[in-house]
>>> print(open('work-v4.pdb').read())   # PDB, C-alpha atoms and all ligand atoms
ATOM      1  CA  MET A   1      17.654 -17.739 -24.823  1.00  0.00           C
ATOM      2  CA  SER A   2      17.125 -20.540 -22.295  1.00  0.00           C
ATOM      3  CA  PHE A   3      15.812 -20.301 -18.719  1.00  0.00           C
ATOM      4  CA  ILE A   4      17.541 -21.487 -15.548  1.00  0.00           C
ATOM      5  CA  ASN A   5      15.085 -23.397 -13.376  1.00  0.00           C
ATOM      6  CA  MET A   6      14.770 -22.125  -9.813  1.00  0.00           C
ATOM      7  CA  LYS A   7      13.024 -23.229  -6.634  1.00  0.00           C
ATOM      8  CA  PRO A   8       9.518 -21.698  -6.781  1.00  0.00           C
ATOM      9  CA  GLY A   9       9.235 -18.507  -4.721  1.00  0.00           C
ATOM     10  CA  THR A  10       7.624 -15.105  -4.427  1.00  0.00           C
ATOM     11  CA  LEU A  11       9.389 -13.624  -7.452  1.00  0.00           C
ATOM     12  CA  LEU A  12       6.439 -11.616  -8.772  1.00  0.00           C
ATOM     13  CA  SER A  13       7.836  -8.109  -9.334  1.00  0.00           C
ATOM     14  CA  PRO A  14       7.359  -5.263  -9.045  1.00  0.00           C
ATOM     15  CA  THR A  15       4.764  -5.203  -6.303  1.00  0.00           C
ATOM     16  CA  PRO A  16       3.435  -2.133  -4.551  1.00  0.00           C
ATOM     17  CA  VAL A  17       4.847  -1.431  -1.136  1.00  0.00           C
ATOM     18  CA  VAL A  18       2.458   0.283   1.258  1.00  0.00           C
ATOM     19  CA  MET A  19       2.245   1.357   4.872  1.00  0.00           C
ATOM     20  CA  VAL A  20      -0.821  -0.193   6.464  1.00  0.00           C
ATOM     21  CA  SER A  21      -2.064   1.673   9.504  1.00  0.00           C
ATOM     22  CA  CYS A  22      -4.305   0.060  12.076  1.00  0.00           C
ATOM     23  CA  ALA A  23      -5.669   0.573  15.604  1.00  0.00           C
ATOM     24  CA  ASP A  24      -8.257  -0.906  17.930  1.00  0.00           C
ATOM     25  CA  ALA A  25     -10.150  -0.025  21.104  1.00  0.00           C
ATOM     26  CA  GLY A  26      -7.480   0.598  23.740  1.00  0.00           C
ATOM     27  CA  VAL A  27      -4.671  -0.243  21.281  1.00  0.00           C
ATOM     28  CA  ALA A  28      -2.435   2.577  20.002  1.00  0.00           C
ATOM     29  CA  PRO A  29      -2.299   3.167  16.239  1.00  0.00           C
ATOM     30  CA  ASN A  30       0.417   1.149  14.514  1.00  0.00           C
ATOM     31  CA  ILE A  31       1.974   0.882  11.054  1.00  0.00           C
ATOM     32  CA  ILE A  32       3.096  -2.268   9.235  1.00  0.00           C
ATOM     33  CA  THR A  33       4.875  -2.287   5.880  1.00  0.00           C
ATOM     34  CA  ILE A  34       3.211  -4.636   3.422  1.00  0.00           C
ATOM     35  CA  ALA A  35       4.323  -5.787  -0.011  1.00  0.00           C
ATOM     36  CA  TRP A  36       1.815  -8.629  -0.329  1.00  0.00           C
ATOM     37  CA  VAL A  37      -1.017  -6.282  -1.282  1.00  0.00           C
ATOM     38  CA  GLY A  38      -3.164  -6.262  -4.378  1.00  0.00           C
ATOM     39  CA  THR A  39      -6.355  -5.135  -6.063  1.00  0.00           C
ATOM     40  CA  ILE A  40      -8.782  -8.061  -6.143  1.00  0.00           C
ATOM     41  CA  ASN A  41     -12.142  -6.652  -7.282  1.00  0.00           C
ATOM     42  CA  SER A  42     -13.528  -3.519  -8.980  1.00  0.00           C
ATOM     43  CA  ASP A  43     -17.164  -3.420  -7.900  1.00  0.00           C
ATOM     44  CA  PRO A  44     -17.172  -3.248  -4.950  1.00  0.00           C
ATOM     45  CA  PRO A  45     -13.581  -2.003  -4.939  1.00  0.00           C
ATOM     46  CA  MET A  46     -11.496  -4.465  -2.925  1.00  0.00           C
ATOM     47  CA  VAL A  47      -7.888  -5.090  -1.941  1.00  0.00           C
ATOM     48  CA  SER A  48      -6.205  -7.876  -0.063  1.00  0.00           C
ATOM     49  CA  ILE A  49      -3.243  -7.776   2.277  1.00  0.00           C
ATOM     50  CA  SER A  50      -1.405 -10.851   3.546  1.00  0.00           C
ATOM     51  CA  VAL A  51      -0.110 -10.656   7.106  1.00  0.00           C
ATOM     52  CA  ARG A  52       1.837 -13.132   9.242  1.00  0.00           C
ATOM     53  CA  ALA A  53       0.100 -14.018  12.535  1.00  0.00           C
ATOM     54  CA  ALA A  54       3.279 -13.119  14.478  1.00  0.00           C
ATOM     55  CA  ARG A  55       3.004  -9.413  13.567  1.00  0.00           C
ATOM     56  CA  HIS A  56       1.747  -6.979  16.207  1.00  0.00           C
ATOM     57  CA  SER A  57      -0.584  -5.611  13.531  1.00  0.00           C
ATOM     58  CA  TYR A  58      -2.156  -9.016  12.880  1.00  0.00           C
ATOM     59  CA  ASP A  59      -4.283  -9.120  16.028  1.00  0.00           C
ATOM     60  CA  ILE A  60      -5.179  -5.441  15.650  1.00  0.00           C
ATOM     61  CA  ILE A  61      -6.514  -5.989  12.110  1.00  0.00           C
ATOM     62  CA  LYS A  62      -8.143  -9.312  12.969  1.00  0.00           C
ATOM     63  CA  ASN A  63      -9.961  -7.855  15.997  1.00  0.00           C
ATOM     64  CA  SER A  64     -10.865  -4.408  14.648  1.00  0.00           C
ATOM     65  CA  GLY A  65     -11.764  -5.675  11.156  1.00  0.00           C
ATOM     66  CA  GLU A  66     -10.316  -2.563   9.531  1.00  0.00           C
ATOM     67  CA  PHE A  67      -7.102  -0.950   8.295  1.00  0.00           C
ATOM     68  CA  VAL A  68      -5.846   1.803   6.023  1.00  0.00           C
ATOM     69  CA  VAL A  69      -3.586   1.247   3.010  1.00  0.00           C
ATOM     70  CA  ASN A  70      -1.312   4.295   2.678  1.00  0.00           C
ATOM     71  CA  LEU A  71       0.528   4.684  -0.639  1.00  0.00           C
ATOM     72  CA  VAL A  72       4.261   5.290  -0.403  1.00  0.00           C
ATOM     73  CA  SER A  73       6.212   8.025  -2.185  1.00  0.00           C
ATOM     74  CA  ARG A  74       9.993   7.819  -2.670  1.00  0.00           C
ATOM     75  CA  GLU A  75      10.294  10.429   0.060  1.00  0.00           C
ATOM     76  CA  LEU A  76       8.652   7.968   2.491  1.00  0.00           C
ATOM     77  CA  MET A  77      10.736   4.979   1.369  1.00  0.00           C
ATOM     78  CA  GLU A  78      13.176   4.905   4.295  1.00  0.00           C
ATOM     79  CA  VAL A  79      10.433   5.353   6.879  1.00  0.00           C
ATOM     80  CA  THR A  80       8.518   2.587   5.123  1.00  0.00           C
ATOM     81  CA  ASP A  81      11.513   0.289   5.489  1.00  0.00           C
ATOM     82  CA  LEU A  82      11.790   1.118   9.188  1.00  0.00           C
ATOM     83  CA  CYS A  83       8.096   0.330   9.711  1.00  0.00           C
ATOM     84  CA  GLY A  84       8.858  -3.039   8.130  1.00  0.00           C
ATOM     85  CA  VAL A  85      11.789  -3.978  10.367  1.00  0.00           C
ATOM     86  CA  LYS A  86      10.611  -2.658  13.747  1.00  0.00           C
ATOM     87  CA  SER A  87       7.528  -3.847  15.599  1.00  0.00           C
ATOM     88  CA  GLY A  88       4.891  -1.670  17.195  1.00  0.00           C
ATOM     89  CA  ARG A  89       5.582  -3.743  20.309  1.00  0.00           C
ATOM     90  CA  GLU A  90       8.926  -1.899  20.632  1.00  0.00           C
ATOM     91  CA  MET A  91       8.269   1.553  19.195  1.00  0.00           C
ATOM     92  CA  ASP A  92       5.574   4.103  18.415  1.00  0.00           C
ATOM     93  CA  LYS A  93       5.999   4.154  14.633  1.00  0.00           C
ATOM     94  CA  PHE A  94       3.917   7.312  14.205  1.00  0.00           C
ATOM     95  CA  ALA A  95       5.692   9.451  16.809  1.00  0.00           C
ATOM     96  CA  GLU A  96       9.227   8.178  16.221  1.00  0.00           C
ATOM     97  CA  ASN A  97       9.018   8.651  12.445  1.00  0.00           C
ATOM     98  CA  GLY A  98       7.333  12.065  12.547  1.00  0.00           C
ATOM     99  CA  LEU A  99       4.180  10.650  10.942  1.00  0.00           C
ATOM    100  CA  THR A 100       0.795  12.176  11.720  1.00  0.00           C
ATOM    101  CA  PRO A 101      -2.290  10.010  12.282  1.00  0.00           C
ATOM    102  CA  VAL A 102      -5.411  11.454  10.641  1.00  0.00           C
ATOM    103  CA  PRO A 103      -8.879  10.142  11.594  1.00  0.00           C
ATOM    104  CA  VAL A 104     -10.763   8.473   8.735  1.00  0.00           C
ATOM    105  CA  PRO A 105     -14.506   9.120   9.087  1.00  0.00           C
ATOM    106  CA  ALA A 106     -15.489   5.787   7.502  1.00  0.00           C
ATOM    107  CA  LEU A 107     -13.516   3.775  10.067  1.00  0.00           C
ATOM    108  CA  LYS A 108     -13.835   3.430  13.820  1.00  0.00           C
ATOM    109  CA  TYR A 109     -10.182   3.144  14.883  1.00  0.00           C
ATOM    110  CA  ALA A 110      -7.589   3.038  12.088  1.00  0.00           C
ATOM    111  CA  PRO A 111      -6.110   6.427  11.110  1.00  0.00           C
ATOM    112  CA  ALA A 112      -4.548   7.383   7.783  1.00  0.00           C
ATOM    113  CA  ILE A 113      -1.002   8.760   7.536  1.00  0.00           C
ATOM    114  CA  ALA A 114      -1.076  12.488   6.698  1.00  0.00           C
ATOM    115  CA  GLN A 115       2.273  12.389   4.850  1.00  0.00           C
ATOM    116  CA  SER A 116       1.131   9.671   2.419  1.00  0.00           C
ATOM    117  CA  PRO A 117       0.105  10.673  -1.149  1.00  0.00           C
ATOM    118  CA  ALA A 118      -3.196   8.786  -0.833  1.00  0.00           C
ATOM    119  CA  TYR A 119      -5.056   6.388   1.426  1.00  0.00           C
ATOM    120  CA  LEU A 120      -7.571   3.578   0.985  1.00  0.00           C
ATOM    121  CA  ALA A 121      -9.761   2.894   4.034  1.00  0.00           C
ATOM    122  CA  CYS A 122     -10.577  -0.819   4.203  1.00  0.00           C
ATOM    123  CA  LYS A 123     -13.042  -3.035   6.040  1.00  0.00           C
ATOM    124  CA  VAL A 124     -12.208  -6.726   6.247  1.00  0.00           C
ATOM    125  CA  THR A 125     -14.801  -9.023   4.665  1.00  0.00           C
ATOM    126  CA  GLN A 126     -12.929 -12.329   4.944  1.00  0.00           C
ATOM    127  CA  ALA A 127      -9.728 -13.680   6.509  1.00  0.00           C
ATOM    128  CA  ILE A 128      -8.181 -16.694   4.801  1.00  0.00           C
ATOM    129  CA  ASP A 129      -5.331 -18.587   6.442  1.00  0.00           C
ATOM    130  CA  LEU A 130      -3.027 -19.611   3.597  1.00  0.00           C
ATOM    131  CA  GLY A 131      -0.150 -21.090   5.605  1.00  0.00           C
ATOM    132  CA  SER A 132       2.591 -18.540   6.280  1.00  0.00           C
ATOM    133  CA  HIS A 133       0.218 -15.584   5.916  1.00  0.00           C
ATOM    134  CA  THR A 134      -3.443 -14.760   6.469  1.00  0.00           C
ATOM    135  CA  MET A 135      -4.997 -12.924   3.569  1.00  0.00           C
ATOM    136  CA  PHE A 136      -7.463 -10.231   4.587  1.00  0.00           C
ATOM    137  CA  LEU A 137      -9.929  -9.635   1.777  1.00  0.00           C
ATOM    138  CA  SER A 138     -11.241  -6.125   2.264  1.00  0.00           C
ATOM    139  CA  GLU A 139     -13.644  -3.637   0.798  1.00  0.00           C
ATOM    140  CA  ILE A 140     -12.395  -0.095   0.169  1.00  0.00           C
ATOM    141  CA  VAL A 141     -14.996   2.048   1.920  1.00  0.00           C
ATOM    142  CA  ASP A 142     -13.328   5.456   1.541  1.00  0.00           C
ATOM    143  CA  MET A 143     -10.350   7.003  -0.233  1.00  0.00           C
ATOM    144  CA  GLY A 144      -8.349  10.195   0.132  1.00  0.00           C
ATOM    145  CA  ILE A 145      -5.895  11.830  -2.269  1.00  0.00           C
ATOM    146  CA  ARG A 146      -3.516  14.531  -1.035  1.00  0.00           C
ATOM    147  CA  GLU A 147      -4.875  17.869  -2.232  1.00  0.00           C
ATOM    148  CA  ASP A 148      -1.737  18.966  -4.099  1.00  0.00           C
ATOM    149  CA  LEU A 149      -1.842  15.796  -6.225  1.00  0.00           C
ATOM    150  CA  MET A 150      -5.314  16.399  -7.637  1.00  0.00           C
ATOM    151  CA  GLN A 151      -5.242  18.106 -11.040  1.00  0.00           C
ATOM    152  CA  ASP A 152      -7.942  20.474 -12.357  1.00  0.00           C
ATOM    153  CA  SER A 153      -8.961  17.745 -14.830  1.00  0.00           C
ATOM    154  CA  GLY A 154      -9.893  15.524 -11.869  1.00  0.00           C
ATOM    155  CA  LYS A 155      -6.948  13.236 -12.597  1.00  0.00           C
ATOM    156  CA  ILE A 156      -4.362  12.314 -10.000  1.00  0.00           C
ATOM    157  CA  ASP A 157      -0.837  13.555 -10.736  1.00  0.00           C
ATOM    158  CA  PHE A 158       1.043  10.288 -10.312  1.00  0.00           C
ATOM    159  CA  VAL A 159       4.291  11.783 -11.616  1.00  0.00           C
ATOM    160  CA  LYS A 160       4.213  14.289  -8.760  1.00  0.00           C
ATOM    161  CA  ALA A 161       3.153  11.562  -6.310  1.00  0.00           C
ATOM    162  CA  ASP A 162       6.493   9.874  -7.108  1.00  0.00           C
ATOM    163  CA  LEU A 163       5.378   6.457  -5.871  1.00  0.00           C
ATOM    164  CA  ALA A 164       7.780   3.719  -4.806  1.00  0.00           C
ATOM    165  CA  ALA A 165       7.583   0.052  -5.759  1.00  0.00           C
ATOM    166  CA  TYR A 166       9.195  -3.110  -4.393  1.00  0.00           C
ATOM    167  CA  CYS A 167      11.262  -5.424  -6.528  1.00  0.00           C
ATOM    168  CA  HIS A 168      12.275  -8.666  -4.839  1.00  0.00           C
ATOM    169  CA  GLY A 169      13.994  -7.178  -1.795  1.00  0.00           C
ATOM    170  CA  GLU A 170      14.717  -3.720  -3.164  1.00  0.00           C
ATOM    171  CA  TYR A 171      12.810  -0.454  -3.307  1.00  0.00           C
ATOM    172  CA  THR A 172      12.650   1.415  -6.568  1.00  0.00           C
ATOM    173  CA  GLY A 173      11.063   4.552  -8.020  1.00  0.00           C
ATOM    174  CA  LEU A 174       8.910   4.701 -11.135  1.00  0.00           C
ATOM    175  CA  THR A 175       9.846   6.310 -14.436  1.00  0.00           C
ATOM    176  CA  ALA A 176       7.502   8.773 -16.184  1.00  0.00           C
ATOM    177  CA  PRO A 177       4.667   6.990 -18.068  1.00  0.00           C
ATOM    178  CA  GLU A 178       5.623   5.589 -21.453  1.00  0.00           C
ATOM    179  CA  GLY A 179       2.160   4.388 -22.416  1.00  0.00           C
ATOM    180  CA  PHE A 180      -1.449   4.447 -21.200  1.00  0.00           C
ATOM    181  CA  PHE A 181      -4.408   2.050 -21.055  1.00  0.00           C
ATOM    182  CA  GLY A 182      -5.257   1.208 -24.689  1.00  0.00           C
ATOM    183  CA  TYR A 183      -2.342   3.080 -26.255  1.00  0.00           C
ATOM    184  CA  SER A 184      -1.462   0.032 -28.350  1.00  0.00           C
ATOM    185  CA  VAL A 185      -4.623   0.672 -30.374  1.00  0.00           C
ATOM    186  CA  ALA A 186      -4.972   4.471 -29.939  1.00  0.00           C
ATOM    187  CA  ARG A 187      -5.300   6.830 -32.921  1.00  0.00           C
ATOM    188  CA  PRO A 188      -2.139   8.790 -33.866  1.00  0.00           C
ATOM    189  CA  GLU A 189      -3.629  12.138 -32.719  1.00  0.00           C
ATOM    190  CA  VAL A 190      -4.478  10.647 -29.321  1.00  0.00           C
ATOM    191  CA  LEU A 191      -0.970   9.231 -28.979  1.00  0.00           C
ATOM    192  CA  LYS A 192       0.477  12.617 -29.848  1.00  0.00           C
ATOM    193  CA  ARG A 193      -1.739  14.464 -27.356  1.00  0.00           C
ATOM    194  CA  ARG A 194      -1.199  12.005 -24.507  1.00  0.00           C
ATOM    195  CA  LEU A 195       2.475  11.132 -24.936  1.00  0.00           C
ATOM    196  CA  ASP A 196       4.170  14.050 -26.728  1.00  0.00           C
ATOM    197  CA  LYS A 197       3.678  16.519 -23.920  1.00  0.00           C
ATOM    198  CA  LYS A 198       5.497  14.327 -21.389  1.00  0.00           C
TER
HETATM  199  C1  LIG A 201       9.413  -4.182   2.151  1.00  0.00           C
HETATM  200  C2  LIG A 201       8.728  -4.984   3.206  1.00  0.00           C
HETATM  201  C3  LIG A 201       7.560  -5.684   2.897  1.00  0.00           C
HETATM  202  C4  LIG A 201       6.896  -6.443   3.868  1.00  0.00           C
HETATM  203  N1  LIG A 201       5.755  -7.094   3.529  1.00  0.00           N
HETATM  204  C5  LIG A 201       5.093  -7.809   4.479  1.00  0.00           C
HETATM  205  C6  LIG A 201       3.869  -8.473   4.141  1.00  0.00           C
HETATM  206  O1  LIG A 201       3.358  -8.390   3.027  1.00  0.00           O
HETATM  207  N2  LIG A 201       3.267  -9.181   5.122  1.00  0.00           N
HETATM  208  C7  LIG A 201       3.766  -9.284   6.400  1.00  0.00           C
HETATM  209  O2  LIG A 201       3.176  -9.957   7.254  1.00  0.00           O
HETATM  210  N3  LIG A 201       4.931  -8.655   6.728  1.00  0.00           N
HETATM  211  C8  LIG A 201       5.591  -7.925   5.808  1.00  0.00           C
HETATM  212  N4  LIG A 201       6.743  -7.268   6.130  1.00  0.00           N
HETATM  213  C9  LIG A 201       7.279  -7.375   7.504  1.00  0.00           C
HETATM  214  C10 LIG A 201       6.570  -6.453   8.502  1.00  0.00           C
HETATM  215  O3  LIG A 201       6.367  -5.167   7.961  1.00  0.00           O
HETATM  216  C11 LIG A 201       7.444  -6.354   9.769  1.00  0.00           C
HETATM  217  O4  LIG A 201       7.551  -7.632  10.362  1.00  0.00           O
HETATM  218  C12 LIG A 201       6.958  -5.332  10.769  1.00  0.00           C
HETATM  219  O5  LIG A 201       7.988  -5.075  11.681  1.00  0.00           O
HETATM  220  C13 LIG A 201       5.721  -5.782  11.515  1.00  0.00           C
HETATM  221  O6  LIG A 201       5.323  -4.731  12.347  1.00  0.00           O
HETATM  222  P1  LIG A 201       4.332  -4.936  13.577  1.00  0.00           P
HETATM  223  O7  LIG A 201       4.905  -6.044  14.453  1.00  0.00           O
HETATM  224  O8  LIG A 201       4.343  -3.601  14.262  1.00  0.00           O
HETATM  225  O9  LIG A 201       3.004  -5.309  13.033  1.00  0.00           O
HETATM  226  C14 LIG A 201       7.415  -6.505   5.182  1.00  0.00           C
HETATM  227  C15 LIG A 201       8.582  -5.793   5.498  1.00  0.00           C
HETATM  228  C16 LIG A 201       9.223  -5.034   4.532  1.00  0.00           C
HETATM  229  C17 LIG A 201      10.466  -4.271   4.897  1.00  0.00           C
END
>>> encode(input="work-v4.pdb", output="structure tokens", more="lines below")
Ligand SMILES: Cc1cc2nc3c(=O)[nH]c(=O)nc-3n(C[C@H](O)[C@H](O)[C@H](O)COP(=O)(O)O)c2cc1C
Amino acid sequence: MSFINMKPGTLLSPTPVVMVSCADAGVAPNIITIAWVGTINSDPPMVSISVRAARHSYDIIKNSGEFVVNLVSRELMEVTDLCGVKSGREMDKFAENGLTPVPVPALKYAPAIAQSPAYLACKVTQAIDLGSHTMFLSEIVDMGIREDLMQDSGKIDFVKADLAAYCHGEYTGLTAPEGFFGYSVARPEVLKRRLDKK
């Protein structure tokens, strides 16, 4: 099979798609949809988000130095799209989408979104202007998982969370897990226990 050469672009897929909530002193809470988000360090746990300077959320995040990454379920997919095509300059994205802001004790201003399966509260450690976007490198200072998604074993029920992903312009759901970390070298009894019951 041969490849067709294309102009280099942001083809990396799938990426997460998240709703990032932010607020500042005297500035109402806002939500921006972000696909340029990624895990960048384990200890301390860190994520980055890349935001264009033209976004209403840009100044809020730059000035407050904090934001919340809210994971997106398939149920929240349409609202997530709306938060990515409308600006907080023209609408209250919490009120008009029936989303509830929840205070996050670790942060001063930015609330989490109650309807989201989980949130990561982030404090900005560095802002790097890369050209089109500024990448905010951020430490995760607090996390919350929706109560009904936490299993007795202490594991998060990601099947129930029904997370959405983003694939080069389109939203998509996830299938049930077909493997797990290290399954390529797992013993047959472990494979049976972990995969047979799905
Ligand atoms: C699926 C999707 C992903 C997006 N990803 C980003 C992103 O990573 N960075 C960014 O600056 N804007 C991104 N946007 C665009 C912003 O979400 C959009 O411009 C939004 O209206 C900005 O809101 P605000 O002006 O209230 O901050 C994305 C939009 C969509 C629909």
>>> resolve_selection(input="work-v4.pdb", expression="the PyMOL selection byres (((chain A and resi 21) around 9) and not hetatm)", output="list in words")
Met19, Val20, Cys22, Ala23, Pro29, Asn30, Ile31, Ile32, Thr33, Ser57, Phe67, Val68, Val69, Asn70, Pro101, Ala110, Pro111, Ala112 and Ile113 of chain A
>>> resolve_selection(input="work-v4.pdb", expression="the PyMOL selection byres (((not hetatm)) within 9 of (chain A and resi 201))", output="PyMOL selection string")
chain A and resi 17-20+30-37+49-60+80-93+132-134+166-171
>>> closest_residue(input="work-v4.pdb", among="A:Glu178, A:Met1, A:Leu130, A:Gly38", to="Pro14 (chain A)", atoms="all atoms listed in the file")
A:Gly38
>>> closest_residue(input="work-v4.pdb", among="A:Asn41, A:Ser138, A:Ser73, A:Ser116", to="Leu174 (chain A)", atoms="all atoms listed in the file")
A:Ser73
>>> residues_around(input="work-v4.pdb", residues="region 118-126 of chain A", least_positions_apart="3", cutoff="9 Å", atoms="all atoms listed in the file", output="tab-separated table (two decimals) with C-alpha atoms, in the coordinates of the input")
chain	number	residue	atom	x	y	z
A	46	MET	CA	-11.50	-4.46	-2.92
A	47	VAL	CA	-7.89	-5.09	-1.94
A	48	SER	CA	-6.20	-7.88	-0.06
A	61	ILE	CA	-6.51	-5.99	12.11
A	62	LYS	CA	-8.14	-9.31	12.97
A	64	SER	CA	-10.86	-4.41	14.65
A	65	GLY	CA	-11.76	-5.68	11.16
A	66	GLU	CA	-10.32	-2.56	9.53
A	67	PHE	CA	-7.10	-0.95	8.30
A	68	VAL	CA	-5.85	1.80	6.02
A	69	VAL	CA	-3.59	1.25	3.01
A	70	ASN	CA	-1.31	4.30	2.68
A	71	LEU	CA	0.53	4.68	-0.64
A	72	VAL	CA	4.26	5.29	-0.40
A	104	VAL	CA	-10.76	8.47	8.74
A	106	ALA	CA	-15.49	5.79	7.50
A	107	LEU	CA	-13.52	3.78	10.07
A	110	ALA	CA	-7.59	3.04	12.09
A	111	PRO	CA	-6.11	6.43	11.11
A	112	ALA	CA	-4.55	7.38	7.78
A	113	ILE	CA	-1.00	8.76	7.54
A	114	ALA	CA	-1.08	12.49	6.70
A	115	GLN	CA	2.27	12.39	4.85
A	135	MET	CA	-5.00	-12.92	3.57
A	136	PHE	CA	-7.46	-10.23	4.59
A	137	LEU	CA	-9.93	-9.64	1.78
A	138	SER	CA	-11.24	-6.12	2.26
A	139	GLU	CA	-13.64	-3.64	0.80
A	140	ILE	CA	-12.40	-0.10	0.17
A	141	VAL	CA	-15.00	2.05	1.92
A	142	ASP	CA	-13.33	5.46	1.54
A	143	MET	CA	-10.35	7.00	-0.23
A	144	GLY	CA	-8.35	10.20	0.13
A	145	ILE	CA	-5.90	11.83	-2.27
A	146	ARG	CA	-3.52	14.53	-1.03
A	149	LEU	CA	-1.84	15.80	-6.22
A	161	ALA	CA	3.15	11.56	-6.31
>>> decode(input="work-v4.pdb", residues="region 103-134 of chain A", atoms="C-alpha atoms", output="compact mmCIF listing (two decimals), in the first residue's frame")
# COMPACT_ATOMS: atom_id res chain seq x y z
CA PRO A 103 -17.06 25.80 43.02
CA VAL A 104 -13.71 23.98 43.10
CA PRO A 105 -12.05 24.45 46.50
CA ALA A 106 -8.51 24.34 45.08
CA LEU A 107 -9.17 27.25 42.72
CA LYS A 108 -10.07 30.87 43.34
CA TYR A 109 -12.44 31.59 40.43
CA ALA A 110 -12.92 28.79 37.89
CA PRO A 111 -15.88 26.47 38.56
CA ALA A 112 -16.32 22.88 37.38
CA ILE A 113 -19.34 21.78 35.34
CA ALA A 114 -21.67 19.62 37.47
CA GLN A 115 -22.94 17.61 34.47
CA SER A 116 -19.44 16.50 33.41
CA PRO A 117 -18.27 12.95 34.27
CA ALA A 118 -15.05 14.28 35.82
CA TYR A 119 -13.03 17.45 36.23
CA LEU A 120 -9.35 18.35 36.50
CA ALA A 121 -8.64 21.64 38.30
CA CYS A 122 -5.55 23.27 36.79
CA LYS A 123 -3.14 26.05 37.72
CA VAL A 124 -1.07 27.54 34.91
CA THR A 125 2.69 27.21 35.38
CA GLN A 126 3.83 28.51 31.98
CA ALA A 127 2.32 30.13 28.89
CA ILE A 128 4.16 29.53 25.62
CA ASP A 129 3.22 31.47 22.50
CA LEU A 130 3.59 28.99 19.63
CA GLY A 131 2.20 31.11 16.78
CA SER A 132 -1.51 30.49 16.21
CA HIS A 133 -2.07 29.29 19.78
CA THR A 134 -0.66 29.86 23.26
